[in-house]
file protein-v3.cif (mmCIF, C-alpha atoms)
data_protein
loop_
_atom_site.group_PDB
_atom_site.id
_atom_site.type_symbol
_atom_site.label_atom_id
_atom_site.label_comp_id
_atom_site.auth_asym_id
_atom_site.auth_seq_id
_atom_site.Cartn_x
_atom_site.Cartn_y
_atom_site.Cartn_z
ATOM 1 C CA MET A 1198 -12.568 -3.843 -26.984
ATOM 2 C CA THR A 1199 -11.687 -5.432 -23.669
ATOM 3 C CA PRO A 1200 -14.471 -7.175 -21.727
ATOM 4 C CA ALA A 1201 -16.440 -5.177 -19.165
ATOM 5 C CA ARG A 1202 -16.771 -6.284 -15.567
ATOM 6 C CA HIS A 1203 -19.861 -5.570 -13.506
ATOM 7 C CA ASP A 1204 -18.128 -5.965 -10.155
ATOM 8 C CA HIS A 1205 -15.524 -3.321 -9.494
ATOM 9 C CA PRO A 1206 -13.778 -3.588 -6.112
ATOM 10 C CA PRO A 1207 -11.826 -0.399 -5.399
ATOM 11 C CA ILE A 1208 -8.040 -0.425 -5.535
ATOM 12 C CA ALA A 1209 -6.548 -0.421 -2.030
ATOM 13 C CA ARG A 1210 -4.507 2.699 -1.333
ATOM 14 C CA ALA A 1211 -1.590 0.535 -0.233
ATOM 15 C CA GLU A 1212 -1.402 -0.868 -3.775
ATOM 16 C CA LEU A 1213 -0.760 2.558 -5.297
ATOM 17 C CA PRO A 1214 2.930 3.369 -5.900
ATOM 18 C CA ASP A 1215 4.110 6.320 -3.811
ATOM 19 C CA ASP A 1216 6.126 7.796 -6.706
ATOM 20 C CA THR A 1217 4.155 9.980 -9.118
ATOM 21 C CA ALA A 1218 5.671 8.688 -12.370
ATOM 22 C CA ALA A 1219 5.345 5.101 -11.160
ATOM 23 C CA LEU A 1220 1.699 5.760 -10.289
ATOM 24 C CA ALA A 1221 1.034 7.183 -13.765
ATOM 25 C CA ARG A 1222 2.392 4.000 -15.314
ATOM 26 C CA TYR A 1223 0.601 1.753 -12.796
ATOM 27 C CA LEU A 1224 -2.783 3.301 -13.615
ATOM 28 C CA ILE A 1225 -2.607 2.219 -17.265
ATOM 29 C CA GLY A 1226 -5.085 -0.645 -17.590
ATOM 30 C CA LYS A 1227 -6.979 0.199 -14.401
ATOM 31 C CA VAL A 1228 -10.657 1.160 -14.493
ATOM 32 C CA VAL A 1229 -12.385 4.440 -13.650
ATOM 33 C CA VAL A 1230 -15.878 3.663 -12.353
ATOM 34 C CA ARG A 1231 -18.647 6.255 -12.106
ATOM 35 C CA GLY A 1232 -21.939 5.606 -10.365
ATOM 36 C CA LEU A 1233 -24.787 7.538 -11.975
ATOM 37 C CA PRO A 1234 -28.577 7.422 -11.513
ATOM 38 C CA GLU A 1235 -28.746 5.572 -14.849
ATOM 39 C CA GLY A 1236 -26.276 2.948 -13.642
ATOM 40 C CA VAL A 1237 -22.546 2.258 -13.699
ATOM 41 C CA VAL A 1238 -20.398 3.941 -16.329
ATOM 42 C CA SER A 1239 -16.773 2.834 -16.615
ATOM 43 C CA GLY A 1240 -13.685 3.009 -18.779
ATOM 44 C CA ARG A 1241 -10.213 1.518 -18.844
ATOM 45 C CA ILE A 1242 -7.335 3.972 -18.450
ATOM 46 C CA VAL A 1243 -5.172 3.991 -21.587
ATOM 47 C CA GLU A 1244 -3.278 7.273 -21.142
ATOM 48 C CA THR A 1245 -1.934 9.272 -18.187
ATOM 49 C CA GLU A 1246 0.473 12.111 -17.449
ATOM 50 C CA ALA A 1247 2.555 12.561 -14.300
ATOM 51 C CA TYR A 1248 3.129 15.962 -12.684
ATOM 52 C CA VAL A 1249 6.007 15.451 -10.286
ATOM 53 C CA VAL A 1250 7.800 17.330 -7.492
ATOM 54 C CA GLY A 1251 9.449 20.498 -8.796
ATOM 55 C CA ASP A 1252 7.501 20.325 -12.054
ATOM 56 C CA ALA A 1253 6.807 23.828 -13.396
ATOM 57 C CA ALA A 1254 3.852 22.440 -15.376
ATOM 58 C CA GLY A 1255 2.185 21.068 -12.233
ATOM 59 C CA HIS A 1256 -0.622 22.862 -10.419
ATOM 60 C CA GLY A 1257 1.155 22.333 -7.099
ATOM 61 C CA TYR A 1258 4.394 24.005 -8.225
ATOM 62 C CA ARG A 1259 3.674 27.333 -6.495
ATOM 63 C CA GLY A 1260 2.120 25.782 -3.400
ATOM 64 C CA MET A 1261 -1.340 25.121 -2.075
ATOM 65 C CA SER A 1262 -4.326 27.312 -2.921
ATOM 66 C CA PRO A 1263 -8.095 26.990 -2.486
ATOM 67 C CA ARG A 1264 -8.282 25.732 -6.069
ATOM 68 C CA ASN A 1265 -5.651 22.991 -5.839
ATOM 69 C CA ARG A 1266 -5.820 21.864 -2.218
ATOM 70 C CA SER A 1267 -7.088 18.390 -3.196
ATOM 71 C CA LEU A 1268 -3.824 17.849 -5.089
ATOM 72 C CA PHE A 1269 -2.065 17.942 -1.708
ATOM 73 C CA LEU A 1270 -4.112 15.100 -0.212
ATOM 74 C CA GLU A 1271 -2.713 11.598 0.226
ATOM 75 C CA ARG A 1272 -2.312 9.467 -2.869
ATOM 76 C CA GLY A 1273 -5.481 8.078 -4.382
ATOM 77 C CA ASP A 1274 -7.785 11.085 -3.961
ATOM 78 C CA ALA A 1275 -9.456 13.018 -6.782
ATOM 79 C CA TYR A 1276 -8.278 16.430 -7.893
ATOM 80 C CA VAL A 1277 -10.841 17.806 -10.344
ATOM 81 C CA TYR A 1278 -10.290 21.230 -11.848
ATOM 82 C CA LEU A 1279 -11.929 23.297 -14.559
ATOM 83 C CA ALA A 1280 -9.609 24.020 -17.495
ATOM 84 C CA TYR A 1281 -10.064 27.260 -19.444
ATOM 85 C CA GLY A 1282 -13.500 27.633 -17.889
ATOM 86 C CA ILE A 1283 -14.801 24.871 -20.165
ATOM 87 C CA SER A 1284 -13.732 21.292 -19.358
ATOM 88 C CA CYS A 1285 -13.188 19.456 -16.092
ATOM 89 C CA MET A 1286 -10.059 17.327 -15.739
ATOM 90 C CA LEU A 1287 -9.727 14.254 -13.500
ATOM 91 C CA ASN A 1288 -6.436 13.815 -11.642
ATOM 92 C CA VAL A 1289 -5.302 11.345 -8.995
ATOM 93 C CA SER A 1290 -3.299 12.877 -6.151
ATOM 94 C CA SER A 1291 0.011 11.166 -5.510
ATOM 95 C CA GLU A 1292 2.801 10.682 -2.951
ATOM 96 C CA MET A 1293 2.456 11.915 0.640
ATOM 97 C CA HIS A 1294 -0.070 14.290 2.144
ATOM 98 C CA GLY A 1295 1.111 17.863 1.552
ATOM 99 C CA ILE A 1296 3.321 17.200 -1.498
ATOM 100 C CA GLY A 1297 1.098 18.591 -4.290
ATOM 101 C CA THR A 1298 1.749 16.122 -7.117
ATOM 102 C CA GLY A 1299 -0.643 14.101 -9.235
ATOM 103 C CA VAL A 1300 -1.533 12.108 -12.311
ATOM 104 C CA LEU A 1301 -3.831 13.418 -15.034
ATOM 105 C CA ILE A 1302 -6.138 10.788 -16.548
ATOM 106 C CA ARG A 1303 -5.942 11.638 -20.251
ATOM 107 C CA ALA A 1304 -7.960 8.914 -21.985
ATOM 108 C CA LEU A 1305 -10.167 5.891 -21.356
ATOM 109 C CA GLU A 1306 -11.414 2.942 -23.370
ATOM 110 C CA PRO A 1307 -15.202 2.887 -22.783
ATOM 111 C CA LEU A 1308 -16.411 -0.293 -21.071
ATOM 112 C CA GLU A 1309 -19.855 0.115 -19.499
ATOM 113 C CA GLY A 1310 -22.663 2.615 -19.898
ATOM 114 C CA ILE A 1311 -21.677 3.511 -23.449
ATOM 115 C CA GLU A 1312 -25.143 4.808 -24.346
ATOM 116 C CA VAL A 1313 -25.075 7.051 -21.283
ATOM 117 C CA MET A 1314 -21.657 8.344 -22.374
ATOM 118 C CA ARG A 1315 -23.031 9.072 -25.847
ATOM 119 C CA GLN A 1316 -25.876 11.080 -24.337
ATOM 120 C CA ASN A 1317 -23.510 12.972 -22.050
ATOM 121 C CA ARG A 1318 -21.143 13.805 -24.910
ATOM 122 C CA GLY A 1319 -23.672 14.242 -27.714
ATOM 123 C CA VAL A 1320 -21.565 12.112 -30.072
ATOM 124 C CA GLU A 1321 -21.964 8.602 -31.452
ATOM 125 C CA ARG A 1322 -18.456 7.531 -32.469
ATOM 126 C CA LEU A 1323 -17.086 5.180 -29.806
ATOM 127 C CA ARG A 1324 -13.468 6.230 -30.351
ATOM 128 C CA ASP A 1325 -14.263 9.865 -29.587
ATOM 129 C CA LEU A 1326 -16.263 9.372 -26.365
ATOM 130 C CA THR A 1327 -13.387 9.392 -23.869
ATOM 131 C CA ARG A 1328 -10.280 10.185 -25.960
ATOM 132 C CA GLY A 1329 -8.920 13.205 -24.111
ATOM 133 C CA PRO A 1330 -9.247 14.461 -20.510
ATOM 134 C CA GLY A 1331 -12.100 16.896 -21.119
ATOM 135 C CA ARG A 1332 -14.050 14.389 -23.162
ATOM 136 C CA LEU A 1333 -13.761 11.608 -20.596
ATOM 137 C CA ALA A 1334 -14.858 13.911 -17.786
ATOM 138 C CA MET A 1335 -17.932 14.936 -19.765
ATOM 139 C CA ALA A 1336 -18.722 11.337 -20.755
ATOM 140 C CA LEU A 1337 -18.576 10.180 -17.122
ATOM 141 C CA ARG A 1338 -20.222 13.369 -15.831
ATOM 142 C CA ILE A 1339 -17.214 14.242 -13.681
ATOM 143 C CA ASP A 1340 -17.343 17.767 -12.280
ATOM 144 C CA ARG A 1341 -15.962 19.870 -9.432
ATOM 145 C CA SER A 1342 -18.423 18.320 -6.964
ATOM 146 C CA LEU A 1343 -16.171 15.213 -7.010
ATOM 147 C CA ASP A 1344 -13.020 17.153 -6.125
ATOM 148 C CA GLY A 1345 -11.305 15.694 -3.044
ATOM 149 C CA LEU A 1346 -13.161 12.372 -3.246
ATOM 150 C CA ASP A 1347 -11.417 9.213 -2.027
ATOM 151 C CA LEU A 1348 -10.929 7.138 -5.189
ATOM 152 C CA CYS A 1349 -9.960 4.078 -3.152
ATOM 153 C CA ARG A 1350 -13.476 3.717 -1.768
ATOM 154 C CA GLN A 1351 -16.612 2.719 -3.644
ATOM 155 C CA GLY A 1352 -18.928 5.678 -4.113
ATOM 156 C CA PRO A 1353 -19.850 8.066 -6.912
ATOM 157 C CA LEU A 1354 -16.360 7.710 -8.463
ATOM 158 C CA TRP A 1355 -13.544 5.263 -7.799
ATOM 159 C CA LEU A 1356 -10.555 3.380 -9.236
ATOM 160 C CA ALA A 1357 -10.795 -0.372 -9.758
ATOM 161 C CA ASN A 1358 -8.524 -3.216 -10.814
ATOM 162 C CA ASP A 1359 -10.068 -6.137 -12.686
ATOM 163 C CA ASP A 1360 -6.766 -8.006 -13.227
ATOM 164 C CA TRP A 1361 -6.837 -7.274 -16.953
ATOM 165 C CA GLU A 1362 -3.451 -7.996 -18.512
ATOM 166 C CA THR A 1363 -1.963 -4.679 -19.623
ATOM 167 C CA GLY A 1364 -0.252 -4.653 -23.014
ATOM 168 C CA ASP A 1365 2.808 -2.723 -24.125
ATOM 169 C CA ILE A 1366 3.040 0.656 -22.381
ATOM 170 C CA GLY A 1367 4.643 3.549 -24.247
ATOM 171 C CA GLN A 1368 6.236 6.674 -22.789
ATOM 172 C CA SER A 1369 6.616 10.155 -24.272
ATOM 173 C CA ILE A 1370 6.656 13.862 -23.542
ATOM 174 C CA ARG A 1371 3.412 15.373 -22.278
ATOM 175 C CA ILE A 1372 0.800 17.065 -24.456
ATOM 176 C CA GLY A 1373 -0.288 20.699 -24.569
ATOM 177 C CA ILE A 1374 2.116 22.234 -22.046
ATOM 178 C CA SER A 1375 4.886 24.823 -22.425
ATOM 179 C CA LYS A 1376 6.769 24.476 -19.124
ATOM 180 C CA ASP A 1377 9.011 21.458 -18.501
ATOM 181 C CA ALA A 1378 7.629 20.177 -21.804
ATOM 182 C CA ASP A 1379 10.558 17.885 -22.574
ATOM 183 C CA ARG A 1380 9.996 15.491 -19.663
ATOM 184 C CA PRO A 1381 8.933 11.950 -20.695
ATOM 185 C CA LEU A 1382 6.088 11.754 -18.180
ATOM 186 C CA ARG A 1383 3.209 10.648 -20.402
ATOM 187 C CA PHE A 1384 2.282 6.949 -20.413
ATOM 188 C CA TYR A 1385 -0.080 5.229 -22.815
ATOM 189 C CA LEU A 1386 -1.247 1.840 -24.008
ATOM 190 C CA ARG A 1387 0.373 1.209 -27.360
ATOM 191 C CA CYS A 1388 -1.944 0.329 -30.262
ATOM 192 C CA SER A 1389 -5.035 1.564 -28.408
ATOM 193 C CA PRO A 1390 -7.317 3.598 -30.689
ATOM 194 C CA PHE A 1391 -8.575 5.470 -27.625
ATOM 195 C CA VAL A 1392 -5.255 7.215 -26.850
ATOM 196 C CA SER A 1393 -5.339 10.977 -27.497
ATOM 197 C CA GLY A 1394 -2.830 13.284 -29.119
ATOM 198 C CA PRO A 1395 -0.971 13.267 -32.433
ATOM 199 C CA ALA A 1396 -0.167 10.009 -34.164
ATOM 200 C CA SER A 1397 3.543 10.518 -33.499
ATOM 201 C CA LEU A 1398 2.816 10.250 -29.757
ATOM 202 C CA ARG A 1399 0.602 7.150 -30.071
ATOM 203 C CA GLU A 1400 3.116 4.784 -31.640
#
call {"tool": "encode", "arguments": {"input": "protein-v3.cif", "output": "structure tokens"}}
result
Amino acid sequence: MTPARHDHPPIARAELPDDTAALARYLIGKVVVRGLPEGVVSGRIVETEAYVVGDAAGHGYRGMSPRNRSLFLERGDAYVYLAYGISCMLNVSSEMHGIGTGVLIRALEPLEGIEVMRQNRGVERLRDLTRGPGRLAMALRIDRSLDGLDLCRQGPLWLANDDWETGDIGQSIRIGISKDADRPLRFYLRCSPFVSGPASLRE
């Protein structure tokens, strides 16, 4: 595991690439920080997916709605939605205000607050705590109340950069979609045991 840091200055919005695919790659190795009553819970991003302009798999493809309006905010804000009525998913809005593109955070390497994550998930195995978008949201207690939050400002949830040296980043097609499924818009940290999906997409 990589070392945990107890000081987590937020990433400045100006540091975020203004291209969705570039942002998805940039976020590999960055840290998602969640402030809870029990203390700080955090994890390093090891897998993302980009949902770009004109992408039929993206929630913004058909325009803005009450459900997806946070996706149309300026880059660096949270878009949290409920998938299949079961699991929340954390996304980072991208590009310019009004565009409707974003990056799905698919997996984290747990750093801090691991016991809290275990309680939130009801599982013990470290590898399974935050491997997958629904799992990580549950582990960090991310829900719809955080939708629209500025992730470039310290608060209940934010993005941080601790200058950790990112390893080899892989790229593949996205997971679990049927539209525009052949686009290589998934990015992941090679050799990380915390990356989700089939083994063929983790190599």
call {"tool": "resolve_selection", "arguments": {"input": "protein-v3.cif", "expression": "the PyMOL selection byres ((chain A and resi 1336) around 12)", "output": "MDAnalysis selection string"}}
result
chainID A and resid 1229:1231 1233 1238:1240 1284:1287 1304:1321 1323 1325:1335 1337:1340
call {"tool": "residues_around", "arguments": {"input": "protein-v3.cif", "residues": "region 1293-1302 of chain A", "least_positions_apart": "3", "cutoff": "6 Å", "atoms": "all atoms listed in the file", "output": "PyMOL selection string"}}
result
chain A and resi 1221+1245-1249+1257+1268-1271+1287-1290
call {"tool": "resolve_selection", "arguments": {"input": "protein-v3.cif", "expression": "the PyMOL selection byres ((chain A and resi 1386) around 12)", "output": "JSON list (two decimals) with C-alpha atoms, in the coordinates of the input"}}
result
[["chain", "number", "residue", "atom", "x", "y", "z"],
["A", 1221, "ALA", "CA", 1.03, 7.18, -13.76],
["A", 1222, "ARG", "CA", 2.39, 4.00, -15.31],
["A", 1223, "TYR", "CA", 0.60, 1.75, -12.80],
["A", 1224, "LEU", "CA", -2.78, 3.30, -13.62],
["A", 1225, "ILE", "CA", -2.61, 2.22, -17.26],
["A", 1226, "GLY", "CA", -5.08, -0.64, -17.59],
["A", 1227, "LYS", "CA", -6.98, 0.20, -14.40],
["A", 1241, "ARG", "CA", -10.21, 1.52, -18.84],
["A", 1242, "ILE", "CA", -7.34, 3.97, -18.45],
["A", 1243, "VAL", "CA", -5.17, 3.99, -21.59],
["A", 1244, "GLU", "CA", -3.28, 7.27, -21.14],
["A", 1245, "THR", "CA", -1.93, 9.27, -18.19],
["A", 1303, "ARG", "CA", -5.94, 11.64, -20.25],
["A", 1304, "ALA", "CA", -7.96, 8.91, -21.98],
["A", 1305, "LEU", "CA", -10.17, 5.89, -21.36],
["A", 1306, "GLU", "CA", -11.41, 2.94, -23.37],
["A", 1362, "GLU", "CA", -3.45, -8.00, -18.51],
["A", 1363, "THR", "CA", -1.96, -4.68, -19.62],
["A", 1364, "GLY", "CA", -0.25, -4.65, -23.01],
["A", 1365, "ASP", "CA", 2.81, -2.72, -24.12],
["A", 1366, "ILE", "CA", 3.04, 0.66, -22.38],
["A", 1367, "GLY", "CA", 4.64, 3.55, -24.25],
["A", 1368, "GLN", "CA", 6.24, 6.67, -22.79],
["A", 1369, "SER", "CA", 6.62, 10.15, -24.27],
["A", 1383, "ARG", "CA", 3.21, 10.65, -20.40],
["A", 1384, "PHE", "CA", 2.28, 6.95, -20.41],
["A", 1385, "TYR", "CA", -0.08, 5.23, -22.82],
["A", 1387, "ARG", "CA", 0.37, 1.21, -27.36],
["A", 1388, "CYS", "CA", -1.94, 0.33, -30.26],
["A", 1389, "SER", "CA", -5.04, 1.56, -28.41],
["A", 1390, "PRO", "CA", -7.32, 3.60, -30.69],
["A", 1391, "PHE", "CA", -8.57, 5.47, -27.62],
["A", 1392, "VAL", "CA", -5.26, 7.22, -26.85],
["A", 1393, "SER", "CA", -5.34, 10.98, -27.50],
["A", 1398, "LEU", "CA", 2.82, 10.25, -29.76],
["A", 1399, "ARG", "CA", 0.60, 7.15, -30.07],
["A", 1400, "GLU", "CA", 3.12, 4.78, -31.64]]
call {"tool": "atom_distance", "arguments": {"input": "protein-v3.cif", "atom1": "CA of Pro1263 (chain A)", "atom2": "CA of Ala1218 (chain A)"}}
result
24.9 Å
call {"tool": "residues_around", "arguments": {"input": "protein-v3.cif", "residues": "region 1356-1361 of chain A", "least_positions_apart": "3", "cutoff": "6 Å", "atoms": "all atoms listed in the file", "output": "short mmCIF file (atom, residue, chain, number, x, y, z; two decimals) with C-alpha atoms, in the coordinates of the input"}}
result
data_model
loop_
_atom_site.label_atom_id
_atom_site.label_comp_id
_atom_site.auth_asym_id
_atom_site.auth_seq_id
_atom_site.Cartn_x
_atom_site.Cartn_y
_atom_site.Cartn_z
CA HIS A 1205 -15.52 -3.32 -9.49
CA PRO A 1206 -13.78 -3.59 -6.11
CA PRO A 1207 -11.83 -0.40 -5.40
CA ILE A 1208 -8.04 -0.42 -5.54
CA LYS A 1227 -6.98 0.20 -14.40
CA VAL A 1228 -10.66 1.16 -14.49
CA VAL A 1229 -12.38 4.44 -13.65
CA LEU A 1348 -10.93 7.14 -5.19
#
call {"tool": "resolve_selection", "arguments": {"input": "protein-v3.cif", "expression": "the PyMOL selection byres ((chain A and resi 1214) around 10)", "output": "ChimeraX atom specification"}}
result
/A:1210-1213,1215-1224,1272-1273,1291-1292
call {"tool": "atom_distance", "arguments": {"input": "protein-v3.cif", "atom1": "CA of Leu1279 (chain A)", "atom2": "CA of Asp1344 (chain A)"}}
result
10.5 Å
call {"tool": "axis_aligned_box", "arguments": {"input": "protein-v3.cif", "around": "region 1305-1318 of chain A", "padding_each_side": "5 Å", "output": "JSON"}}
result
{"center_x": -18.0, "center_y": 6.8, "center_z": -22.7, "size_x": 25.7, "size_y": 24.1, "size_z": 16.3}
call {"tool": "atom_distance", "arguments": {"input": "protein-v3.cif", "atom1": "CA of Arg1380 (chain A)", "atom2": "CA of Asp1252 (chain A)"}}
result
9.4 Å
call {"tool": "closest_residue", "arguments": {"input": "protein-v3.cif", "among": "A:Ile1372, A:Ala1209, A:Ala1280, A:Ala1275", "to": "Leu1346 (chain A)", "atoms": "all atoms listed in the file"}}
result
A:Ala1275
call {"tool": "closest_residue", "arguments": {"input": "protein-v3.cif", "among": "A:Leu1354, A:Met1261, A:Ala1378, A:Ile1370", "to": "Val1237 (chain A)", "atoms": "all atoms listed in the file"}}
result
A:Leu1354
call {"tool": "residues_around", "arguments": {"input": "protein-v3.cif", "residues": "Ile1374 (chain A)", "least_positions_apart": "5", "cutoff": "10 Å", "atoms": "all atoms listed in the file", "output": "VMD selection string"}}
result
chain A and resid 1253 to 1255 1379
call {"tool": "closest_residue", "arguments": {"input": "protein-v3.cif", "among": "A:Arg1322, A:Arg1371, A:Asp1274, A:Arg1266", "to": "Arg1350 (chain A)", "atoms": "only C-alpha atoms"}}
result
A:Asp1274
call {"tool": "closest_residue", "arguments": {"input": "protein-v3.cif", "among": "A:Ser1375, A:Trp1355, A:Pro1381, A:Gly1394", "to": "Gly1232 (chain A)", "atoms": "only C-alpha atoms"}}
result
A:Trp1355
call {"tool": "decode", "arguments": {"input": "protein-v3.cif", "residues": "region 1296-1309 of chain A", "atoms": "N, CA, C and O atoms", "output": "PDB file, in the first residue's frame"}}
result
ATOM      1  N   ILE A1296     -21.504  21.959 -20.446  1.00  0.00           N
ATOM      2  CA  ILE A1296     -21.141  20.938 -21.434  1.00  0.00           C
ATOM      3  C   ILE A1296     -21.786  19.583 -21.135  1.00  0.00           C
ATOM      4  O   ILE A1296     -22.247  18.892 -22.027  1.00  0.00           O
ATOM      5  N   GLY A1297     -21.795  19.135 -19.895  1.00  0.00           N
ATOM      6  CA  GLY A1297     -22.441  17.869 -19.548  1.00  0.00           C
ATOM      7  C   GLY A1297     -21.569  16.643 -19.729  1.00  0.00           C
ATOM      8  O   GLY A1297     -22.046  15.592 -20.181  1.00  0.00           O
ATOM      9  N   THR A1298     -20.291  16.756 -19.395  1.00  0.00           N
ATOM     10  CA  THR A1298     -19.361  15.629 -19.471  1.00  0.00           C
ATOM     11  C   THR A1298     -18.751  15.392 -18.100  1.00  0.00           C
ATOM     12  O   THR A1298     -18.785  16.266 -17.234  1.00  0.00           O
ATOM     13  N   GLY A1299     -18.179  14.196 -17.897  1.00  0.00           N
ATOM     14  CA  GLY A1299     -17.616  13.921 -16.585  1.00  0.00           C
ATOM     15  C   GLY A1299     -16.763  12.678 -16.548  1.00  0.00           C
ATOM     16  O   GLY A1299     -16.634  11.950 -17.534  1.00  0.00           O
ATOM     17  N   VAL A1300     -16.204  12.442 -15.375  1.00  0.00           N
ATOM     18  CA  VAL A1300     -15.323  11.304 -15.130  1.00  0.00           C
ATOM     19  C   VAL A1300     -15.884  10.496 -13.965  1.00  0.00           C
ATOM     20  O   VAL A1300     -16.090  11.034 -12.873  1.00  0.00           O
ATOM     21  N   LEU A1301     -16.134   9.218 -14.206  1.00  0.00           N
ATOM     22  CA  LEU A1301     -16.580   8.318 -13.153  1.00  0.00           C
ATOM     23  C   LEU A1301     -15.365   7.800 -12.381  1.00  0.00           C
ATOM     24  O   LEU A1301     -14.402   7.313 -12.980  1.00  0.00           O
ATOM     25  N   ILE A1302     -15.409   7.912 -11.057  1.00  0.00           N
ATOM     26  CA  ILE A1302     -14.363   7.328 -10.214  1.00  0.00           C
ATOM     27  C   ILE A1302     -14.759   5.869  -9.973  1.00  0.00           C
ATOM     28  O   ILE A1302     -15.740   5.590  -9.293  1.00  0.00           O
ATOM     29  N   ARG A1303     -13.971   4.952 -10.535  1.00  0.00           N
ATOM     30  CA  ARG A1303     -14.355   3.535 -10.504  1.00  0.00           C
ATOM     31  C   ARG A1303     -13.739   2.749  -9.351  1.00  0.00           C
ATOM     32  O   ARG A1303     -14.324   1.760  -8.894  1.00  0.00           O
ATOM     33  N   ALA A1304     -12.560   3.131  -8.889  1.00  0.00           N
ATOM     34  CA  ALA A1304     -11.931   2.355  -7.815  1.00  0.00           C
ATOM     35  C   ALA A1304     -10.894   3.196  -7.087  1.00  0.00           C
ATOM     36  O   ALA A1304     -10.262   4.077  -7.667  1.00  0.00           O
ATOM     37  N   LEU A1305     -10.728   2.881  -5.796  1.00  0.00           N
ATOM     38  CA  LEU A1305      -9.758   3.545  -4.939  1.00  0.00           C
ATOM     39  C   LEU A1305      -8.888   2.503  -4.245  1.00  0.00           C
ATOM     40  O   LEU A1305      -9.319   1.374  -4.006  1.00  0.00           O
ATOM     41  N   GLU A1306      -7.689   2.916  -3.878  1.00  0.00           N
ATOM     42  CA  GLU A1306      -6.868   2.157  -2.931  1.00  0.00           C
ATOM     43  C   GLU A1306      -7.092   2.790  -1.567  1.00  0.00           C
ATOM     44  O   GLU A1306      -6.783   3.973  -1.373  1.00  0.00           O
ATOM     45  N   PRO A1307      -7.630   2.072  -0.594  1.00  0.00           N
ATOM     46  CA  PRO A1307      -7.891   2.656   0.729  1.00  0.00           C
ATOM     47  C   PRO A1307      -6.608   3.176   1.372  1.00  0.00           C
ATOM     48  O   PRO A1307      -5.578   2.508   1.343  1.00  0.00           O
ATOM     49  N   LEU A1308      -6.687   4.368   1.960  1.00  0.00           N
ATOM     50  CA  LEU A1308      -5.542   4.960   2.646  1.00  0.00           C
ATOM     51  C   LEU A1308      -5.818   5.177   4.120  1.00  0.00           C
ATOM     52  O   LEU A1308      -5.140   4.636   4.978  1.00  0.00           O
ATOM     53  N   GLU A1309      -6.813   5.984   4.436  1.00  0.00           N
ATOM     54  CA  GLU A1309      -7.119   6.335   5.828  1.00  0.00           C
ATOM     55  C   GLU A1309      -8.545   5.930   6.185  1.00  0.00           C
ATOM     56  O   GLU A1309      -9.408   5.857   5.316  1.00  0.00           O
TER      57      GLU A1309
END
